[in-house]
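Below is the file query_32.json, which contains JSON, C-alpha atoms and all ligand atoms.
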[["chain", "number", "residue", "atom", "x", "y", "z"],
["A", 1, "MET", "CA", 21.26, -3.42, 6.58],
["A", 2, "THR", "CA", 20.47, -6.88, 7.74],
["A", 3, "SER", "CA", 16.73, -6.77, 7.21],
["A", 4, "LEU", "CA", 16.78, -5.36, 3.70],
["A", 5, "LEU", "CA", 15.95, -8.54, 1.90],
["A", 6, "SER", "CA", 12.33, -9.56, 1.55],
["A", 7, "ALA", "CA", 12.24, -13.04, 0.17],
["A", 8, "ILE", "CA", 9.50, -14.80, -1.68],
["A", 9, "ILE", "CA", 10.35, -18.45, -1.29],
["A", 10, "LYS", "CA", 8.94, -21.11, -3.57],
["A", 11, "PRO", "CA", 9.98, -24.72, -3.79],
["A", 12, "ALA", "CA", 13.01, -25.03, -6.07],
["A", 13, "MET", "CA", 12.70, -21.47, -7.21],
["A", 14, "SER", "CA", 13.09, -18.33, -5.19],
["A", 15, "ALA", "CA", 13.48, -14.64, -5.76],
["A", 16, "GLY", "CA", 13.89, -11.76, -3.36],
["A", 17, "TYR", "CA", 13.93, -8.04, -3.59],
["A", 18, "VAL", "CA", 15.77, -5.35, -1.70],
["A", 19, "TYR", "CA", 13.98, -2.20, -0.61],
["A", 20, "ASN", "CA", 14.40, 0.40, 2.11],
["A", 21, "PRO", "CA", 12.43, 3.63, 2.70],
["A", 22, "VAL", "CA", 15.73, 5.49, 2.80],
["A", 23, "TYR", "CA", 15.64, 5.47, -1.00],
["A", 24, "LEU", "CA", 12.71, 7.87, -0.83],
["A", 25, "LYS", "CA", 14.87, 10.43, 0.98],
["A", 26, "HIS", "CA", 16.69, 11.18, -2.26],
["A", 27, "ASP", "CA", 14.49, 14.24, -2.85],
["A", 28, "THR", "CA", 14.75, 15.47, -6.42],
["A", 29, "GLY", "CA", 11.87, 17.96, -6.28],
["A", 30, "HIS", "CA", 10.21, 18.50, -9.65],
["A", 31, "HIS", "CA", 12.02, 15.82, -11.64],
["A", 32, "VAL", "CA", 11.12, 12.61, -13.45],
["A", 33, "GLU", "CA", 13.47, 10.47, -11.31],
["A", 34, "VAL", "CA", 11.34, 10.85, -8.17],
["A", 35, "ALA", "CA", 10.61, 8.89, -5.02],
["A", 36, "ALA", "CA", 7.12, 8.15, -6.39],
["A", 37, "ARG", "CA", 8.79, 5.68, -8.79],
["A", 38, "LEU", "CA", 9.69, 3.29, -5.99],
["A", 39, "GLU", "CA", 6.49, 4.06, -4.09],
["A", 40, "ALA", "CA", 4.48, 2.97, -7.14],
["A", 41, "ILE", "CA", 6.39, -0.31, -7.37],
["A", 42, "ILE", "CA", 6.11, -1.08, -3.69],
["A", 43, "ALA", "CA", 2.41, -0.21, -3.62],
["A", 44, "TYR", "CA", 1.92, -2.43, -6.65],
["A", 45, "LEU", "CA", 3.74, -5.28, -4.96],
["A", 46, "GLU", "CA", 1.49, -4.73, -1.92],
["A", 47, "ILE", "CA", 4.28, -4.17, 0.53],
["A", 48, "GLU", "CA", 3.06, -2.75, 3.79],
["A", 49, "ASP", "CA", 6.22, -0.83, 4.64],
["A", 50, "THR", "CA", 5.09, 2.72, 4.15],
["A", 51, "ALA", "CA", 7.72, 5.22, 3.38],
["A", 52, "ARG", "CA", 8.86, 8.20, 5.38],
["A", 53, "ARG", "CA", 10.20, 11.25, 3.62],
["A", 54, "GLY", "CA", 12.92, 12.82, 4.91],
["A", 55, "GLY", "CA", 21.34, 20.37, -2.29],
["A", 56, "GLY", "CA", 21.62, 21.31, -5.21],
["A", 57, "TRP", "CA", 22.21, 20.10, -8.73],
["A", 58, "LEU", "CA", 25.31, 17.97, -9.39],
["A", 59, "ASP", "CA", 25.00, 18.21, -13.16],
["A", 60, "PRO", "CA", 22.19, 19.54, -15.37],
["A", 61, "ASP", "CA", 20.22, 16.30, -14.81],
["A", 62, "THR", "CA", 21.26, 15.26, -11.33],
["A", 63, "VAL", "CA", 19.91, 16.79, -8.15],
["A", 64, "MET", "CA", 20.92, 16.08, -4.57],
["A", 65, "SER", "CA", 19.01, 16.73, -1.33],
["A", 66, "ALA", "CA", 19.93, 16.36, 2.33],
["A", 67, "GLY", "CA", 18.90, 12.70, 2.31],
["A", 68, "SER", "CA", 20.53, 11.81, -0.99],
["A", 69, "TYR", "CA", 23.94, 10.76, 0.26],
["A", 70, "GLN", "CA", 22.48, 8.25, 2.69],
["A", 71, "ALA", "CA", 20.03, 6.97, 0.07],
["A", 72, "ALA", "CA", 22.87, 6.57, -2.44],
["A", 73, "LEU", "CA", 24.97, 4.62, 0.07],
["A", 74, "TYR", "CA", 21.99, 2.39, 0.82],
["A", 75, "ALA", "CA", 21.30, 1.93, -2.89],
["A", 76, "ALA", "CA", 24.79, 0.56, -3.48],
["A", 77, "GLY", "CA", 24.50, -1.40, -0.22],
["A", 78, "GLY", "CA", 21.11, -2.73, -1.25],
["A", 79, "LEU", "CA", 22.50, -4.26, -4.40],
["A", 80, "ILE", "CA", 25.45, -5.65, -2.47],
["A", 81, "ARG", "CA", 22.90, -7.26, -0.13],
["A", 82, "ALA", "CA", 21.11, -8.73, -3.16],
["A", 83, "VAL", "CA", 24.42, -10.14, -4.46],
["A", 84, "GLU", "CA", 25.19, -11.64, -1.05],
["A", 85, "ALA", "CA", 21.74, -13.25, -0.91],
["A", 86, "VAL", "CA", 22.29, -14.81, -4.32],
["A", 87, "MET", "CA", 25.88, -15.89, -3.70],
["A", 88, "SER", "CA", 25.03, -17.47, -0.34],
["A", 89, "GLY", "CA", 22.11, -19.37, -1.83],
["A", 90, "GLU", "CA", 19.59, -17.55, 0.39],
["A", 91, "VAL", "CA", 17.62, -16.94, -2.81],
["A", 92, "THR", "CA", 18.28, -17.90, -6.43],
["A", 93, "SER", "CA", 17.78, -14.40, -7.77],
["A", 94, "ALA", "CA", 17.25, -10.98, -6.21],
["A", 95, "PHE", "CA", 16.09, -7.60, -7.44],
["A", 96, "ALA", "CA", 17.40, -4.47, -5.68],
["A", 97, "LEU", "CA", 14.57, -1.93, -5.87],
["A", 98, "VAL", "CA", 16.77, 1.04, -5.14],
["A", 99, "ARG", "CA", 17.23, 4.64, -6.07],
["A", 100, "PRO", "CA", 19.05, 6.76, -7.01],
["A", 101, "PRO", "CA", 19.94, 4.68, -10.05],
["A", 102, "GLY", "CA", 23.58, 4.15, -10.98],
["A", 103, "HIS", "CA", 24.69, 3.25, -14.48],
["A", 104, "HIS", "CA", 25.66, 6.76, -15.62],
["A", 105, "ALA", "CA", 27.85, 7.54, -12.60],
["A", 106, "THR", "CA", 31.59, 7.15, -13.10],
["A", 107, "SER", "CA", 34.08, 6.62, -10.29],
["A", 108, "GLY", "CA", 34.64, 10.37, -10.11],
["A", 109, "GLN", "CA", 31.38, 11.93, -11.19],
["A", 110, "ALA", "CA", 27.64, 11.81, -10.49],
["A", 111, "LYS", "CA", 25.72, 12.03, -13.75],
["A", 112, "GLY", "CA", 22.34, 11.47, -15.38],
["A", 113, "PHE", "CA", 20.21, 11.04, -12.19],
["A", 114, "CYS", "CA", 22.92, 8.70, -10.80],
["A", 115, "LEU", "CA", 25.05, 9.35, -7.71],
["A", 116, "PHE", "CA", 27.03, 6.13, -7.21],
["A", 117, "ASN", "CA", 27.34, 3.38, -9.79],
["A", 118, "ASN", "CA", 25.52, 0.71, -7.77],
["A", 119, "ILE", "CA", 26.18, -2.16, -10.14],
["A", 120, "ALA", "CA", 29.84, -1.31, -10.69],
["A", 121, "ILE", "CA", 30.31, -1.22, -6.92],
["A", 122, "ALA", "CA", 28.46, -4.52, -6.49],
["A", 123, "ALA", "CA", 30.45, -6.15, -9.30],
["A", 124, "ARG", "CA", 33.72, -5.02, -7.73],
["A", 125, "TYR", "CA", 32.50, -6.36, -4.38],
["A", 126, "ALA", "CA", 31.59, -9.72, -5.91],
["A", 127, "LEU", "CA", 34.95, -10.00, -7.67],
["A", 128, "ASP", "CA", 36.85, -9.23, -4.46],
["A", 129, "LYS", "CA", 34.75, -11.06, -1.89],
["A", 130, "TYR", "CA", 33.85, -14.21, -3.80],
["A", 131, "LYS", "CA", 36.94, -14.31, -6.06],
["A", 132, "LEU", "CA", 34.69, -14.77, -9.09],
["A", 133, "GLU", "CA", 36.58, -15.20, -12.34],
["A", 134, "ARG", "CA", 33.98, -13.62, -14.58],
["A", 135, "ILE", "CA", 30.86, -11.48, -14.12],
["A", 136, "LEU", "CA", 28.42, -10.60, -16.89],
["A", 137, "ILE", "CA", 26.49, -7.34, -16.69],
["A", 138, "ILE", "CA", 23.45, -6.97, -18.95],
["A", 139, "ASP", "CA", 22.00, -3.45, -19.21],
["A", 140, "PHE", "CA", 18.61, -3.09, -20.91],
["A", 141, "ASP", "CA", 17.90, 0.46, -19.75],
["A", 142, "VAL", "CA", 17.11, 2.67, -22.75],
["A", 143, "HIS", "CA", 20.26, 4.69, -22.07],
["A", 144, "HIS", "CA", 23.84, 3.52, -22.47],
["A", 145, "GLY", "CA", 25.55, 2.88, -19.13],
["A", 146, "ASN", "CA", 28.59, 5.01, -19.78],
["A", 147, "GLY", "CA", 29.72, 4.66, -16.16],
["A", 148, "MET", "CA", 29.72, 0.90, -16.36],
["A", 149, "GLN", "CA", 31.57, 0.83, -19.65],
["A", 150, "ASP", "CA", 34.07, 3.28, -18.19],
["A", 151, "THR", "CA", 34.65, 1.27, -15.02],
["A", 152, "PHE", "CA", 35.33, -2.08, -16.66],
["A", 153, "TYR", "CA", 36.63, -1.05, -20.08],
["A", 154, "ASP", "CA", 40.04, -2.61, -19.44],
["A", 155, "ASN", "CA", 38.91, -5.38, -17.08],
["A", 156, "PRO", "CA", 38.62, -8.78, -18.83],
["A", 157, "GLN", "CA", 36.81, -10.26, -15.79],
["A", 158, "VAL", "CA", 33.68, -8.19, -16.43],
["A", 159, "MET", "CA", 31.69, -8.34, -19.64],
["A", 160, "TYR", "CA", 29.32, -5.42, -20.15],
["A", 161, "ILE", "CA", 26.53, -5.77, -22.73],
["A", 162, "SER", "CA", 24.14, -2.88, -23.29],
["A", 163, "THR", "CA", 21.06, -2.42, -25.46],
["A", 164, "HIS", "CA", 20.24, 1.27, -25.76],
["A", 165, "GLN", "CA", 18.66, 3.89, -27.98],
["A", 166, "TYR", "CA", 21.38, 5.48, -30.09],
["A", 167, "PRO", "CA", 22.24, 8.21, -30.75],
["A", 168, "PHE", "CA", 20.81, 9.41, -27.45],
["A", 169, "TYR", "CA", 21.87, 10.50, -23.96],
["A", 170, "PRO", "CA", 24.67, 10.17, -22.80],
["A", 171, "GLY", "CA", 26.24, 9.95, -26.27],
["A", 172, "THR", "CA", 28.44, 6.93, -25.64],
["A", 173, "GLY", "CA", 27.66, 3.36, -26.68],
["A", 174, "SER", "CA", 28.70, 2.98, -30.32],
["A", 175, "LEU", "CA", 29.38, -0.53, -31.57],
["A", 176, "GLU", "CA", 33.08, 0.29, -32.02],
["A", 177, "GLU", "CA", 33.54, 0.68, -28.24],
["A", 178, "THR", "CA", 34.61, -2.89, -27.47],
["A", 179, "GLY", "CA", 37.01, -2.72, -24.52],
["A", 180, "SER", "CA", 40.76, -2.24, -24.40],
["A", 181, "GLY", "CA", 43.89, -4.33, -23.89],
["A", 182, "ALA", "CA", 43.20, -7.75, -22.45],
["A", 183, "ALA", "CA", 39.53, -6.74, -22.15],
["A", 184, "LYS", "CA", 39.06, -6.19, -25.88],
["A", 185, "GLY", "CA", 35.77, -7.85, -26.80],
["A", 186, "THR", "CA", 34.27, -7.74, -23.30],
["A", 187, "ASN", "CA", 32.34, -4.53, -23.95],
["A", 188, "ILE", "CA", 29.44, -5.14, -26.32],
["A", 189, "ASN", "CA", 27.24, -2.25, -27.35],
["A", 190, "ILE", "CA", 23.95, -2.81, -29.16],
["A", 191, "PRO", "CA", 23.03, 0.72, -30.27],
["A", 192, "LEU", "CA", 19.40, 0.50, -31.40],
["A", 193, "PRO", "CA", 17.53, 3.06, -33.49],
["A", 194, "ALA", "CA", 14.50, 4.81, -31.95],
["A", 195, "GLY", "CA", 11.22, 2.92, -32.38],
["A", 196, "CYS", "CA", 12.43, -0.57, -31.46],
["A", 197, "GLY", "CA", 9.91, -2.77, -29.66],
["A", 198, "ASP", "CA", 9.70, -6.28, -28.25],
["A", 199, "ALA", "CA", 10.64, -8.00, -31.54],
["A", 200, "GLU", "CA", 13.84, -6.00, -32.04],
["A", 201, "TYR", "CA", 14.93, -6.34, -28.42],
["A", 202, "LEU", "CA", 14.31, -10.09, -28.46],
["A", 203, "LYS", "CA", 16.26, -10.40, -31.69],
["A", 204, "ALA", "CA", 19.20, -8.55, -30.12],
["A", 205, "PHE", "CA", 18.96, -10.72, -27.00],
["A", 206, "GLU", "CA", 18.81, -14.00, -28.92],
["A", 207, "GLN", "CA", 21.39, -13.21, -31.58],
["A", 208, "ILE", "CA", 23.95, -11.19, -29.61],
["A", 209, "ILE", "CA", 23.49, -11.48, -25.85],
["A", 210, "VAL", "CA", 22.87, -15.25, -25.68],
["A", 211, "PRO", "CA", 25.91, -16.35, -27.74],
["A", 212, "ALA", "CA", 28.17, -13.71, -26.16],
["A", 213, "ALA", "CA", 27.13, -14.79, -22.66],
["A", 214, "ARG", "CA", 27.69, -18.47, -23.46],
["A", 215, "ARG", "CA", 31.16, -17.77, -24.79],
["A", 216, "PHE", "CA", 32.06, -15.60, -21.77],
["A", 217, "ASN", "CA", 30.66, -18.19, -19.36],
["A", 218, "PRO", "CA", 30.10, -15.98, -16.28],
["A", 219, "ARG", "CA", 29.93, -17.09, -12.64],
["A", 220, "LEU", "CA", 27.31, -14.44, -11.80],
["A", 221, "ILE", "CA", 24.97, -12.29, -13.89],
["A", 222, "LEU", "CA", 24.10, -8.74, -12.86],
["A", 223, "VAL", "CA", 21.41, -6.74, -14.61],
["A", 224, "SER", "CA", 20.88, -3.00, -14.95],
["A", 225, "ALA", "CA", 17.11, -3.20, -15.24],
["A", 226, "GLY", "CA", 15.84, 0.05, -16.69],
["A", 227, "TYR", "CA", 12.26, 0.29, -17.91],
["A", 228, "ASP", "CA", 12.48, 3.62, -19.74],
["A", 229, "ASN", "CA", 12.27, 1.76, -23.06],
["A", 230, "HIS", "CA", 8.60, 1.01, -22.32],
["A", 231, "TRP", "CA", 6.34, 2.58, -24.96],
["A", 232, "ALA", "CA", 4.60, 4.77, -22.36],
["A", 233, "ASP", "CA", 7.82, 6.18, -20.93],
["A", 234, "PRO", "CA", 8.11, 9.96, -21.29],
["A", 235, "LEU", "CA", 11.89, 10.13, -21.74],
["A", 236, "ALA", "CA", 12.74, 7.91, -24.70],
["A", 237, "MET", "CA", 11.37, 6.70, -28.01],
["A", 238, "MET", "CA", 11.26, 2.92, -27.70],
["A", 239, "GLU", "CA", 8.20, 0.68, -27.90],
["A", 240, "VAL", "CA", 8.88, -2.20, -25.50],
["A", 241, "SER", "CA", 5.85, -3.61, -23.63],
["A", 242, "VAL", "CA", 5.57, -5.16, -20.17],
["A", 243, "THR", "CA", 5.34, -8.49, -21.99],
["A", 244, "GLY", "CA", 8.66, -7.72, -23.70],
["A", 245, "PHE", "CA", 10.37, -7.09, -20.37],
["A", 246, "GLY", "CA", 9.04, -10.43, -19.16],
["A", 247, "GLN", "CA", 10.48, -12.14, -22.24],
["A", 248, "MET", "CA", 13.87, -10.47, -21.80],
["A", 249, "THR", "CA", 13.89, -11.59, -18.18],
["A", 250, "GLU", "CA", 13.06, -15.12, -19.34],
["A", 251, "ILE", "CA", 16.14, -15.13, -21.58],
["A", 252, "ILE", "CA", 18.39, -13.70, -18.87],
["A", 253, "LYS", "CA", 17.08, -16.18, -16.31],
["A", 254, "GLY", "CA", 17.68, -18.97, -18.81],
["A", 255, "LEU", "CA", 21.29, -17.87, -19.22],
["A", 256, "ALA", "CA", 21.79, -17.71, -15.45],
["A", 257, "ASP", "CA", 20.30, -21.21, -15.03],
["A", 258, "GLU", "CA", 22.43, -22.60, -17.84],
["A", 259, "LEU", "CA", 25.72, -20.89, -17.02],
["A", 260, "CYS", "CA", 25.99, -20.00, -13.34],
["A", 261, "GLY", "CA", 23.59, -21.97, -11.18],
["A", 262, "GLY", "CA", 20.83, -19.40, -11.60],
["A", 263, "ARG", "CA", 22.84, -16.70, -9.77],
["A", 264, "LEU", "CA", 21.24, -13.47, -10.90],
["A", 265, "ALA", "CA", 21.00, -10.05, -9.24],
["A", 266, "LEU", "CA", 19.14, -7.13, -10.80],
["A", 267, "THR", "CA", 19.13, -3.48, -9.89],
["A", 268, "LEU", "CA", 16.62, -0.80, -10.82],
["A", 269, "GLU", "CA", 17.86, 1.88, -13.20],
["A", 270, "GLY", "CA", 15.39, 4.04, -15.19],
["A", 271, "GLY", "CA", 11.66, 3.88, -15.92],
["A", 272, "TYR", "CA", 9.58, 7.03, -15.49],
["A", 273, "ASN", "CA", 5.99, 6.14, -16.34],
["A", 274, "LEU", "CA", 4.85, 4.92, -12.94],
["A", 275, "ASP", "CA", 2.21, 2.45, -14.18],
["A", 276, "ALA", "CA", 4.54, 0.93, -16.77],
["A", 277, "LEU", "CA", 7.40, 0.80, -14.27],
["A", 278, "ALA", "CA", 5.42, -0.95, -11.55],
["A", 279, "ALA", "CA", 3.87, -3.48, -13.94],
["A", 280, "SER", "CA", 7.23, -4.17, -15.60],
["A", 281, "VAL", "CA", 9.02, -4.80, -12.31],
["A", 282, "LYS", "CA", 6.17, -7.09, -11.26],
["A", 283, "ALA", "CA", 6.46, -8.97, -14.57],
["A", 284, "THR", "CA", 10.21, -9.32, -14.02],
["A", 285, "LEU", "CA", 9.69, -10.75, -10.52],
["A", 286, "ASP", "CA", 6.95, -13.07, -11.77],
["A", 287, "VAL", "CA", 9.26, -14.51, -14.42],
["A", 288, "LEU", "CA", 12.02, -14.96, -11.83],
["A", 289, "LEU", "CA", 9.50, -16.96, -9.78],
["A", 290, "GLY", "CA", 8.49, -19.07, -12.78],
["A", 291, "LYS", "CA", 5.03, -17.53, -12.92],
["A", 292, "ASN", "CA", 3.20, -16.15, -15.92],
["A", 293, "ALA", "CA", 3.56, -12.38, -16.17],
["A", 294, "SER", "CA", 0.57, -10.23, -17.02],
["A", 295, "ASP", "CA", 0.61, -7.02, -19.05],
["A", 296, "PRO", "CA", -2.08, -4.52, -17.98],
["A", 297, "LEU", "CA", -0.84, -1.88, -20.44],
["A", 298, "GLY", "CA", -0.68, -3.93, -23.62],
["A", 299, "GLN", "CA", 1.16, -3.00, -26.77],
["A", 300, "SER", "CA", 1.83, 0.48, -28.08],
["A", 301, "SER", "CA", -0.82, 1.92, -30.36],
["A", 302, "ARG", "CA", 1.78, 4.09, -32.06],
["A", 303, "SER", "CA", 3.22, 2.73, -35.23],
["A", 304, "PHE", "CA", 6.77, 3.57, -36.17],
["A", 305, "GLY", "CA", 6.98, 0.58, -38.51],
["A", 306, "ALA", "CA", 9.28, -2.26, -37.57],
["A", 307, "ALA", "CA", 12.86, -1.06, -37.23],
["A", 308, "ASP", "CA", 15.24, -3.01, -39.44],
["A", 309, "ILE", "CA", 18.13, -3.97, -37.22],
["A", 310, "ASP", "CA", 19.43, -6.94, -39.23],
["A", 311, "ARG", "CA", 22.43, -5.03, -40.61],
["A", 312, "LEU", "CA", 23.23, -3.75, -37.14],
["A", 313, "ILE", "CA", 23.08, -7.28, -35.70],
["A", 314, "GLU", "CA", 25.36, -8.55, -38.48],
["A", 315, "ALA", "CA", 27.84, -5.73, -37.84],
["A", 316, "ILE", "CA", 27.98, -6.52, -34.11],
["A", 317, "LYS", "CA", 28.41, -10.24, -34.82],
["A", 318, "GLU", "CA", 31.24, -9.43, -37.18],
["A", 319, "ILE", "CA", 33.02, -7.13, -34.71],
["A", 320, "HIS", "CA", 32.68, -9.62, -31.85],
["A", 321, "LYS", "CA", 33.11, -12.74, -33.98],
["A", 322, "LEU", "CA", 29.85, -14.24, -32.76],
["A", 323, "PRO", "CA", 28.32, -17.27, -34.49],
["B", 1, "ZN", "ZN", 17.71, 5.25, -18.58]]

Would you kindly transcribe this structure into structure tokens?
Amino acid sequence: MTSLLSAIIKPAMSAGYVYNPVYLKHDTGHHVEVAARLEAIIAYLEIEDTARRGGGWLDPDTVMSAGSYQAALYAAGGLIRAVEAVMSGEVTSAFALVRPPGHHATSGQAKGFCLFNNIAIAARYALDKYKLERILIIDFDVHHGNGMQDTFYDNPQVMYISTHQYPFYPGTGSLEETGSGAAKGTNINIPLPAGCGDAEYLKAFEQIIVPAARRFNPRLILVSAGYDNHWADPLAMMEVSVTGFGQMTEIIKGLADELCGGRLALTLEGGYNLDALAASVKATLDVLLGKNASDPLGQSSRSFGAADIDRLIEAIKEIHKLP
């Protein structure tokens, strides 16, 4: 896996991404979490590597084919490669464009389209290999990353912050789930009502994620980048736009620059509308490169009315004693 990283180098600012055609061998048949997701991104990014295509169901949502095990190993390995590239200074930030996704998988169980928990594995690797004192994981996928919360619930070295639609699959992610023992306070759930768009997400980022991250003061930031909260996504009921993903990335990048020398590694989680997914990943990479992101899909034409999340934000601040 030495040639996984494709780097886009710019003076003073660099970002790379990890991709390998093996991720397409995770054949899920008639399913929303399909190889076409990554193919759409790579085609959109104008990468010339064309993909080659290579069971049974592990749980009601999670299917496995002959190529899945290898793809899952490479997915975890791809994110590890991204972390290595960031930690070694090869690039400032890196995005692992991998599948299957990971944040629902626990150490013992594949779940919710996920086989191995890529980011949990990469975080563990970074803790062990680089002896990092603290790692922050930000998860903006529309679903709660139950597997991540599970893995680090009693580990004070890893702070997990998740924005997610709630109540929703997988059922976990209430604001009372805050970590245990010495890790109490290092698990921050931001359970958002359906219908939240850019404004609500940015409010949650600015009022919860930014102060929590500053207080935790991580040495590396990892991101579960899921784009299934885009308004065009078929699985969930959120209203985020491509522009909103760019703005969230801007905030996360700002935190990485301020707190940990820019060290930032992202991994792909959900996102099932192929046009929205490809444009959102491109916007994320553009922001990482300091470029203006464009939004070919625009804002949602549906109107749910602005969700009022002020009481929720106050409750989370109170529980986590945030300023
Ligand atoms: Zn998701």

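Our summary of the geometry notes that atom CA of Ala75 of chain A is positioned 14.9 Å from atom CA of Leu222 of chain A.
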
Using only C-alpha atoms, what table do you get, as a tab-separated table, when you list each residue of segment 236-311 of chain A with an atom no more than 9 Å from segment 33-46 of chain A, its nearest pair of atoms, and their distance in Å rounded to one decimal, rows by chain then rising number?
residue	atom	partner	partner_atom	distance
A:Gly270	CA	A:Glu33	CA	7.8
A:Gly271	CA	A:Arg37	CA	7.9
A:Tyr272	CA	A:Glu33	CA	6.7
A:Asn273	CA	A:Arg37	CA	8.1
A:Leu274	CA	A:Arg37	CA	5.8
A:Asp275	CA	A:Ala40	CA	7.4
A:Leu277	CA	A:Ile41	CA	7.1
A:Ala278	CA	A:Ile41	CA	4.3
A:Ala279	CA	A:Tyr44	CA	7.6
A:Val281	CA	A:Ile41	CA	7.2
A:Lys282	CA	A:Leu45	CA	7.0

Protein and nucleic acid residues within 6 Å of ligand ZN 1 (chain B) (all atoms listed in the file) as a ChimeraX atom specification: /A:141-143,226,228,270

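Reported to one decimal place, the separation of atom CA of Glu177 of chain A from atom CA of Ile137 of chain A is 15.7 Å.
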
- prompt: Hey, can you check how far atom CA of Ser241 of chain A sits from atom CA of Ile209 of chain A?
  reply: 19.4 Å

Within 12 Å of segment 114-131 of chain A, which residues of segment 161-242 of chain A show up? Give each one with its shortest atom-to-atom distance in Å (one decimal) and the two atoms involved, counting only C-alpha atoms, rows by chain then rising residue number, as JSON lines.
{"residue": "A:Pro218", "atom": "CA", "partner": "A:Leu127", "partner_atom": "CA", "distance": 11.6}
{"residue": "A:Arg219", "atom": "CA", "partner": "A:Lys131", "partner_atom": "CA", "distance": 10.0}
{"residue": "A:Leu220", "atom": "CA", "partner": "A:Ala126", "partner_atom": "CA", "distance": 8.7}
{"residue": "A:Ile221", "atom": "CA", "partner": "A:Ala123", "partner_atom": "CA", "distance": 9.4}
{"residue": "A:Leu222", "atom": "CA", "partner": "A:Ile119", "partner_atom": "CA", "distance": 7.4}
{"residue": "A:Val223", "atom": "CA", "partner": "A:Ile119", "partner_atom": "CA", "distance": 8.0}
{"residue": "A:Ser224", "atom": "CA", "partner": "A:Ile119", "partner_atom": "CA", "distance": 7.2}
{"residue": "A:Ala225", "atom": "CA", "partner": "A:Ile119", "partner_atom": "CA", "distance": 10.5}

Once you count all atoms listed in the file, which residues end up no further than 7 Å from (8.5, 13.2, -18.0) in the file's frame, shown as a short mmCIF file (atom, residue, chain, number, x, y, z; two decimals) with C-alpha atoms, in the coordinates of the input?
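Written file, point.cif:
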data_model
loop_
_atom_site.label_atom_id
_atom_site.label_comp_id
_atom_site.auth_asym_id
_atom_site.auth_seq_id
_atom_site.Cartn_x
_atom_site.Cartn_y
_atom_site.Cartn_z
CA VAL A 32 11.12 12.61 -13.45
CA PRO A 234 8.11 9.96 -21.29
CA LEU A 235 11.89 10.13 -21.74
CA TYR A 272 9.58 7.03 -15.49
#

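Non-sequential neighbours of Gly171 of chain A (distance at most 8 Å, separation of 4 or more positions within a chain, all atoms listed in the file) are His144, Tyr166 and Pro167 of chain A.
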
- request: Write out as a ChimeraX atom specification the residues lying within 9 Å of Gly290 of chain A, counting only C-alpha atoms and excluding same-chain residues fewer than 3 positions away.
  value: /A:13-14,250,285-287,293

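The nearest approach to Ala194 of chain A among the residues A:Ile251, A:Val240, A:Ala66, A:Met159, with all atoms listed in the file taken into account, belongs to A:Val240.
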
task: Find the residues near Gly147 of chain A: any atom within 7 Å, counting all atoms listed in the file, skip ones fewer than 4 places away on the same chain, and give them as number ranges by chain.
output: A: 103-106, 117, 151
